[in-house]
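Engineer: My file is structure32.cif. It has mmCIF, C-alpha atoms:
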```
data_final
#
loop_
_atom_site.label_atom_id
_atom_site.label_comp_id
_atom_site.auth_asym_id
_atom_site.auth_seq_id
_atom_site.Cartn_x
_atom_site.Cartn_y
_atom_site.Cartn_z
CA MET A 90 111.36 98.54 88.80
CA PHE A 91 114.69 100.35 88.86
CA ARG A 92 115.07 99.90 85.10
CA ARG A 93 112.30 102.39 84.54
CA THR A 94 113.06 106.00 83.65
CA LEU A 95 112.34 106.89 87.27
CA SER A 96 115.66 105.39 88.33
CA VAL A 97 117.53 108.66 87.84
CA LEU A 98 114.86 110.55 89.75
CA ALA A 99 114.98 108.00 92.56
CA THR A 100 118.71 108.50 92.97
CA VAL A 101 118.37 112.28 93.11
CA VAL A 102 115.59 112.13 95.68
CA ALA A 103 117.42 109.52 97.74
CA LEU A 104 120.49 111.68 98.01
CA THR A 105 118.55 114.75 99.12
CA ALA A 106 115.62 113.36 101.09
CA VAL A 107 117.02 111.72 104.22
CA GLY A 108 120.36 113.38 104.82
CA SER A 109 123.27 112.40 106.99
CA ALA A 110 121.35 113.37 110.10
CA GLY A 111 118.47 111.20 108.95
CA GLN A 112 115.88 113.99 109.06
CA ALA A 113 112.93 114.32 106.64
CA SER A 114 109.86 116.51 106.44
CA ALA A 115 106.68 117.03 104.47
CA ALA A 116 108.22 120.21 103.08
CA ASP A 117 111.14 118.15 101.73
CA GLY A 118 108.65 115.92 99.91
CA ALA A 119 106.75 118.87 98.51
CA ARG A 120 109.93 120.46 97.13
CA THR A 121 111.39 117.27 95.64
CA ALA A 122 111.45 117.31 91.84
CA SER A 123 109.16 114.60 90.47
CA PRO A 124 107.10 113.83 87.37
CA ALA A 125 103.87 115.77 86.96
CA GLY A 126 101.20 114.33 89.22
CA ALA A 127 103.65 112.30 91.31
CA ARG A 128 103.65 112.47 95.10
CA VAL A 129 106.37 111.77 97.64
CA LEU A 130 105.46 110.43 101.08
CA ASN A 131 107.60 109.85 104.15
CA VAL A 132 106.16 106.60 105.50
CA MET A 133 106.76 105.08 108.93
CA SER A 134 105.99 101.77 110.62
CA PHE A 135 106.24 101.84 114.43
CA ASN A 136 105.27 99.24 117.02
CA ILE A 137 104.84 101.50 120.06
CA HIS A 138 104.27 98.83 122.77
CA HIS A 139 101.34 100.92 124.16
CA ALA A 140 103.88 103.75 124.66
CA GLN A 141 105.78 101.90 127.37
CA GLY A 142 109.51 102.18 126.74
CA THR A 143 112.25 99.73 127.54
CA ASP A 144 112.90 101.83 130.63
CA GLY A 145 109.45 100.85 131.92
CA VAL A 146 108.14 104.40 131.57
CA LEU A 147 104.77 105.07 129.93
CA ASP A 148 105.31 108.17 127.77
CA LEU A 149 102.99 108.93 124.86
CA GLN A 150 104.63 112.31 124.30
CA ARG A 151 107.93 110.51 123.69
CA ILE A 152 106.27 108.45 120.93
CA ALA A 153 104.89 111.64 119.39
CA ARG A 154 108.34 113.23 119.52
CA VAL A 155 109.91 110.30 117.67
CA VAL A 156 107.29 110.61 114.92
CA ARG A 157 107.59 114.40 114.72
CA GLU A 158 111.38 114.41 114.53
CA SER A 159 111.37 111.75 111.81
CA GLY A 160 109.31 113.95 109.50
CA ALA A 161 106.89 111.11 108.76
CA ASP A 162 103.81 112.07 106.74
CA VAL A 163 101.90 108.88 107.48
CA VAL A 164 102.54 106.34 110.23
CA GLY A 165 101.23 102.83 110.80
CA LEU A 166 101.28 102.11 114.53
CA GLN A 167 100.97 98.70 116.16
CA GLU A 168 100.18 97.73 119.78
CA VAL A 169 97.98 100.75 120.41
CA ASP A 170 95.65 100.99 123.43
CA ASN A 171 92.27 102.68 123.43
CA HIS A 172 90.84 102.80 126.97
CA TYR A 173 92.44 99.37 127.32
CA SER A 174 93.65 99.17 130.91
CA ALA A 175 95.62 100.78 133.71
CA ARG A 176 98.84 99.85 131.90
CA SER A 177 98.22 102.86 129.62
CA ASP A 178 96.19 104.95 132.11
CA TRP A 179 92.99 104.02 130.25
CA ALA A 180 93.97 106.59 127.60
CA ASP A 181 92.61 106.96 124.09
CA GLN A 182 96.10 106.71 122.64
CA PRO A 183 95.14 107.21 118.96
CA ALA A 184 93.28 110.44 119.70
CA GLU A 185 95.97 111.75 122.03
CA LEU A 186 98.76 111.09 119.54
CA ALA A 187 96.76 112.76 116.77
CA ALA A 188 96.25 115.81 119.00
CA LEU A 189 99.93 115.98 119.92
CA LEU A 190 100.98 115.83 116.27
CA GLY A 191 98.10 117.66 114.60
CA TYR A 192 97.48 114.62 112.37
CA HIS A 193 94.37 112.81 111.17
CA VAL A 194 93.87 109.39 112.75
CA VAL A 195 91.98 106.14 112.27
CA PHE A 196 92.01 103.20 114.67
CA GLY A 197 91.41 99.50 114.14
CA ALA A 198 90.23 97.59 117.22
CA ASN A 199 91.31 93.97 117.04
CA ILE A 200 90.51 93.39 120.70
CA ASP A 201 87.15 94.99 121.46
CA ALA A 202 85.50 94.22 124.78
CA ALA A 203 82.58 95.64 126.69
CA PRO A 204 83.20 98.53 129.12
CA PRO A 205 84.27 97.42 132.61
CA ALA A 206 81.51 99.60 134.05
CA ALA A 207 78.16 100.81 132.73
CA GLY A 208 78.52 103.94 130.65
CA GLY A 209 82.27 103.53 130.23
CA HIS A 210 84.42 103.22 127.13
CA ARG A 211 84.88 99.97 125.29
CA VAL A 212 88.18 98.21 125.98
CA GLN A 213 90.14 98.20 122.75
CA TYR A 214 93.59 97.35 121.43
CA GLY A 215 94.91 97.24 117.90
CA THR A 216 96.53 99.37 115.21
CA ALA A 217 96.30 103.02 114.19
CA ILE A 218 97.17 105.18 111.21
CA LEU A 219 98.29 108.78 111.70
CA SER A 220 98.34 110.97 108.60
CA ARG A 221 99.37 114.50 107.83
CA TYR A 222 96.96 114.26 104.88
CA PRO A 223 93.16 113.88 105.06
CA VAL A 224 91.68 110.39 105.38
CA THR A 225 88.70 110.03 103.05
CA ALA A 226 87.74 106.44 103.93
CA SER A 227 88.86 103.69 106.30
CA ASP A 228 88.07 100.15 107.38
CA ASN A 229 89.54 97.40 109.52
CA THR A 230 89.36 93.74 108.45
CA TRP A 231 89.96 91.00 110.98
CA LEU A 232 92.44 88.42 109.78
CA PHE A 233 92.43 84.67 110.26
CA ASN A 234 93.15 83.50 113.77
CA SER A 235 93.13 80.02 115.20
CA PRO A 236 91.70 79.21 118.66
CA GLY A 237 93.74 80.69 121.47
CA GLN A 238 95.53 83.21 119.27
CA GLU A 239 95.07 86.96 119.59
CA GLN A 240 92.86 88.53 116.95
CA ARG A 241 94.83 90.51 114.34
CA GLY A 242 93.63 92.84 111.60
CA LEU A 243 94.43 94.84 108.48
CA LEU A 244 93.68 98.53 108.95
CA HIS A 245 93.12 100.50 105.74
CA ALA A 246 92.96 104.24 105.12
CA THR A 247 92.47 106.08 101.83
CA LEU A 248 94.58 109.23 101.89
CA ASP A 249 94.09 112.38 99.87
CA VAL A 250 97.68 113.40 99.17
CA ARG A 251 97.29 116.78 97.48
CA GLY A 252 94.58 115.44 95.19
CA ARG A 253 96.12 112.00 94.65
CA LYS A 254 94.45 108.96 96.22
CA VAL A 255 96.84 106.65 98.07
CA GLU A 256 95.79 103.43 99.80
CA PHE A 257 97.63 102.85 103.08
CA TYR A 258 97.51 99.63 105.11
CA ASP A 259 98.77 98.73 108.57
CA THR A 260 98.94 95.31 110.20
CA HIS A 261 100.41 93.31 113.08
CA LEU A 262 100.61 89.58 112.41
CA ALA A 263 100.31 86.77 114.93
CA ALA A 264 103.25 86.49 117.29
CA GLY A 265 102.74 82.90 118.40
CA SER A 266 101.59 80.96 115.33
CA GLN A 267 103.34 80.51 112.01
CA THR A 268 100.22 78.76 110.74
CA ASP A 269 98.21 81.90 111.43
CA ARG A 270 100.80 84.13 109.78
CA LEU A 271 100.75 81.95 106.65
CA ARG A 272 96.99 82.37 106.39
CA GLN A 273 97.16 86.07 107.26
CA THR A 274 99.71 87.02 104.58
CA ASP A 275 97.70 85.22 101.88
CA GLN A 276 94.61 87.09 103.06
CA ILE A 277 96.41 90.44 103.01
CA VAL A 278 97.52 90.01 99.39
CA ASP A 279 93.95 89.13 98.43
CA LEU A 280 92.60 92.21 100.22
CA ILE A 281 95.14 94.72 98.88
CA GLY A 282 95.74 93.37 95.38
CA THR A 283 98.66 94.63 93.32
CA LYS A 284 97.36 97.29 90.91
CA LYS A 285 96.45 100.40 92.91
CA PRO A 286 99.09 102.70 94.43
CA ALA A 287 99.30 101.21 97.90
CA ILE A 288 101.65 101.02 100.86
CA LEU A 289 101.59 98.28 103.49
CA VAL A 290 103.44 98.61 106.79
CA GLY A 291 103.52 96.57 109.92
CA ASP A 292 105.09 94.27 112.43
CA PHE A 293 105.05 90.96 110.59
CA ASN A 294 106.71 88.86 113.32
CA ALA A 295 108.65 87.01 110.63
CA LEU A 296 111.94 87.44 108.82
CA ARG A 297 112.16 88.03 105.07
CA ASP A 298 113.05 84.42 104.24
CA ALA A 299 110.31 82.84 106.37
CA PRO A 300 107.61 80.90 104.49
CA GLU A 301 104.88 83.23 105.71
CA SER A 302 106.72 86.25 104.28
CA GLN A 303 106.80 84.87 100.74
CA PRO A 304 103.29 85.94 99.63
CA LEU A 305 104.22 89.54 100.50
CA GLN A 306 107.74 89.31 99.10
CA ASN A 307 106.36 87.94 95.82
CA ALA A 308 103.52 90.44 95.44
CA TYR A 309 105.14 93.66 96.65
CA THR A 310 108.37 95.62 96.85
CA ASP A 311 110.22 95.33 100.17
CA ALA A 312 111.34 98.92 100.74
CA TRP A 313 114.44 98.03 102.73
CA ALA A 314 115.63 95.40 100.25
CA ARG A 315 115.15 97.79 97.30
CA SER A 316 116.58 100.91 98.94
CA PRO A 317 119.69 102.00 96.98
CA HIS A 318 121.61 103.13 100.05
CA PRO A 319 120.57 100.96 103.02
CA ARG A 320 122.38 101.55 106.29
CA GLY A 321 122.97 98.47 108.40
CA ASP A 322 120.83 95.35 108.21
CA GLY A 323 117.40 96.93 108.75
CA ALA A 324 116.83 95.15 112.07
CA THR A 325 114.26 96.84 114.32
CA TYR A 326 113.76 94.41 117.21
CA PRO A 327 114.61 94.35 120.07
CA ALA A 328 115.12 98.11 120.04
CA GLU A 329 118.24 98.45 122.16
CA ALA A 330 120.16 95.67 120.37
CA PRO A 331 118.16 94.81 117.24
CA THR A 332 118.71 91.49 115.47
CA GLY A 333 115.40 90.90 113.66
CA ARG A 334 114.04 92.68 110.59
CA ILE A 335 110.38 92.05 111.34
CA ASP A 336 109.03 95.59 110.83
CA VAL A 337 108.64 96.08 107.10
CA ILE A 338 107.32 98.60 104.57
CA TYR A 339 105.93 97.14 101.34
CA THR A 340 104.76 98.98 98.20
CA THR A 341 102.82 98.08 95.08
CA ARG A 342 104.20 98.56 91.57
CA THR A 343 103.19 102.22 91.25
CA ALA A 344 104.69 103.19 94.61
CA THR A 345 108.50 103.24 94.50
CA PRO A 346 110.58 103.23 97.71
CA LEU A 347 113.51 105.59 97.26
CA VAL A 348 115.45 105.41 100.50
CA THR A 349 114.70 103.55 103.73
CA ARG A 350 116.25 103.72 107.17
CA VAL A 351 115.79 102.54 110.74
CA VAL A 352 115.06 105.46 113.06
CA LYS A 353 117.47 105.23 115.98
CA GLY A 354 117.05 108.62 117.65
CA ASP A 355 115.37 107.25 120.79
CA PRO A 356 115.85 103.49 121.16
CA VAL A 357 114.23 103.53 124.62
CA ALA A 358 110.83 104.83 123.44
CA SER A 359 109.50 101.34 122.57
CA ASP A 360 110.74 97.77 122.31
CA HIS A 361 110.79 98.21 118.51
CA LEU A 362 112.65 100.81 116.45
CA PRO A 363 110.60 102.61 113.79
CA LEU A 364 111.24 102.09 110.08
CA LEU A 365 111.00 105.09 107.73
CA SER A 366 110.87 105.12 103.92
CA LYS A 367 110.53 107.87 101.33
CA VAL A 368 108.07 106.58 98.72
CA LEU A 369 107.31 107.99 95.27
CA ILE A 370 103.71 107.57 94.09
CA THR A 371 103.50 107.78 90.31
CA SER A 372 99.98 106.78 89.29
#
```
Would you mind writing the file's structure down as structure tokens?

Structural biologist:
Amino acid sequence: MFRRTLSVLATVVALTAVGSAGQASAADGARTASPAGARVLNVMSFNIHHAQGTDGVLDLQRIARVVRESGADVVGLQEVDNHYSARSDWADQPAELAALLGYHVVFGANIDAAPPAAGGHRVQYGTAILSRYPVTASDNTWLFNSPGQEQRGLLHATLDVRGRKVEFYDTHLAAGSQTDRLRQTDQIVDLIGTKKPAILVGDFNALRDAPESQPLQNAYTDAWARSPHPRGDGATYPAEAPTGRIDVIYTTRTATPLVTRVVKGDPVASDHLPLLSKVLITS
């Protein structure tokens, strides 16, 4: 991928996009020189732990602040509550985050139970996608799960990025079953394919060298591994002393990660640190 003529462009963008302070913005992406028709997106993956930080405080505004200060254009969130329980004040977290940020939002309910009382909201938990750009279509596909394991899904949104269609996917793989993760990663590759400009983010609950990671590693570009100027080891979990690189951003062939970093501005906001990548969409 880096042998293509875009390699020079990638270096230029990488040096200017996420500076020494680690800040990025949609305006940066819009101003970045790129081939005609190309688009640059600041992409984030963030497991928000239903907005409960490592200090035990529930603070959705803190999550929104982390996203805002990162300059992310599109964010895949995991562990998101939607009228789920008292642990998150029965809030519609996707809608509230979208309102705080002024972003479009779609939500994928992987746990979806009847209301606790007649006329109430359904009890839901899953993943969400926040986007600065319009969402023209979306769907959520439940992934394989064995008996006793929590249902997981692949949330998909089609984004209109200044006239260019970009497919964005968000997932959170099984925490307690390698067998499930093996089945889930195979399923994800089948669902996404490899040809369209697409970005996949998520909490994969597996390290890069794990067997269940290989279908993704073989089919897609691991943004951290391909970033020309990585800082540190890319670990995102646990947030206050990270040792595991389990939150990953993947891209297809026509989406090139330019520079990727772990966002460390507020390590107390969740039990995971967010991962941010500047991605060039070329076709």

Engineer: Can you work out the spacing between atom CA of Ser227 of chain A and atom CA of Leu243 of chain A in Å, to one decimal?

Structural biologist: 10.7 Å

Engineer: With only C-alpha atoms counted and 12 Å as the cut-off, give the residues of segment 324-369 of chain A in contact with segment 255-276 of chain A, each with its shortest interatomic distance in Å and the pair that gives it, as JSON lines.

Structural biologist:
```
{"residue": "A:Ile335", "atom": "CA", "partner": "A:Leu262", "partner_atom": "CA", "distance": 10.1}
{"residue": "A:Asp336", "atom": "CA", "partner": "A:His261", "partner_atom": "CA", "distance": 9.2}
{"residue": "A:Val337", "atom": "CA", "partner": "A:Thr260", "partner_atom": "CA", "distance": 10.2}
{"residue": "A:Ile338", "atom": "CA", "partner": "A:Asp259", "partner_atom": "CA", "distance": 9.4}
{"residue": "A:Tyr339", "atom": "CA", "partner": "A:Tyr258", "partner_atom": "CA", "distance": 9.6}
{"residue": "A:Thr340", "atom": "CA", "partner": "A:Phe257", "partner_atom": "CA", "distance": 9.5}
{"residue": "A:Thr341", "atom": "CA", "partner": "A:Glu256", "partner_atom": "CA", "distance": 10.0}
{"residue": "A:Thr343", "atom": "CA", "partner": "A:Val255", "partner_atom": "CA", "distance": 10.3}
{"residue": "A:Ala344", "atom": "CA", "partner": "A:Val255", "partner_atom": "CA", "distance": 9.3}
{"residue": "A:Val368", "atom": "CA", "partner": "A:Val255", "partner_atom": "CA", "distance": 11.2}
{"residue": "A:Leu369", "atom": "CA", "partner": "A:Val255", "partner_atom": "CA", "distance": 10.9}
```

Engineer: Neighbours of Ala324 of chain A within 10 Å (only C-alpha atoms; same-chain residues fewer than 4 positions away dropped), as JSON, numbers by chain?

Structural biologist: {"A": [296, 328, 330, 331, 332, 333, 334, 335, 336, 337, 350, 351, 361, 362, 363, 364]}

Engineer: Tell me which of A:Arg315, A:Arg320, A:Arg241, A:Lys367 sits closest to Lys353 of chain A, counting only C-alpha atoms.

Structural biologist: A:Arg320

Engineer: Tell me which protein, DNA and RNA residues are within 12 Å of Asp148 of chain A, counting all atoms listed in the file, leaving out same-chain ones fewer than 4 positions away, and put them as a list in words.

Structural biologist: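 Counting only the stated atoms, we get Ile137, His138, His139, Ala140, Gln141, Gly142, Thr143, Asp144, Ile152, Ala153, Arg154, Val155, Arg176, Ser177, Asp178, Ala180, Gln182, Glu185, Leu186, Val357, Ala358 and Ser359 of chain A.
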
Engineer: What would the selection look like, as a ChimeraX atom specification, if the PyMOL selection byres ((chain A and resi 217) around 12) were run on the coordinates I just shared?

Structural biologist: /A:133-137,139,163-171,181-187,192-199,213-216,218-220,227-229,242-246,257-261,290-291

Engineer: Take atom CA of Val146 of chain A and atom CA of Ile200 of chain A and report the distance between them in Å, one decimal.

Structural biologist: 23.5 Å

Engineer: With all atoms listed in the file counted and 12 Å as the cut-off, give the residues of segment 112-213 of chain A in contact with segment 281-287 of chain A, each with its shortest interatomic distance in Å and the pair that gives it, as CSV.

Structural biologist:
```
residue,atom,partner,partner_atom,distance
A:Ala127,CA,A:Pro286,CA,11.1
A:Arg128,CA,A:Pro286,CA,10.8
A:Leu130,CA,A:Ala287,CA,11.5
A:Val132,CA,A:Ala287,CA,11.6
```

Engineer: Just give me the gap between atom CA of Asp292 of chain A and atom CA of Leu190 of chain A in Å, one decimal is fine.

Structural biologist: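 According to the coordinates, atom CA of Asp292 of chain A and atom CA of Leu190 of chain A are separated by 22.3 Å.
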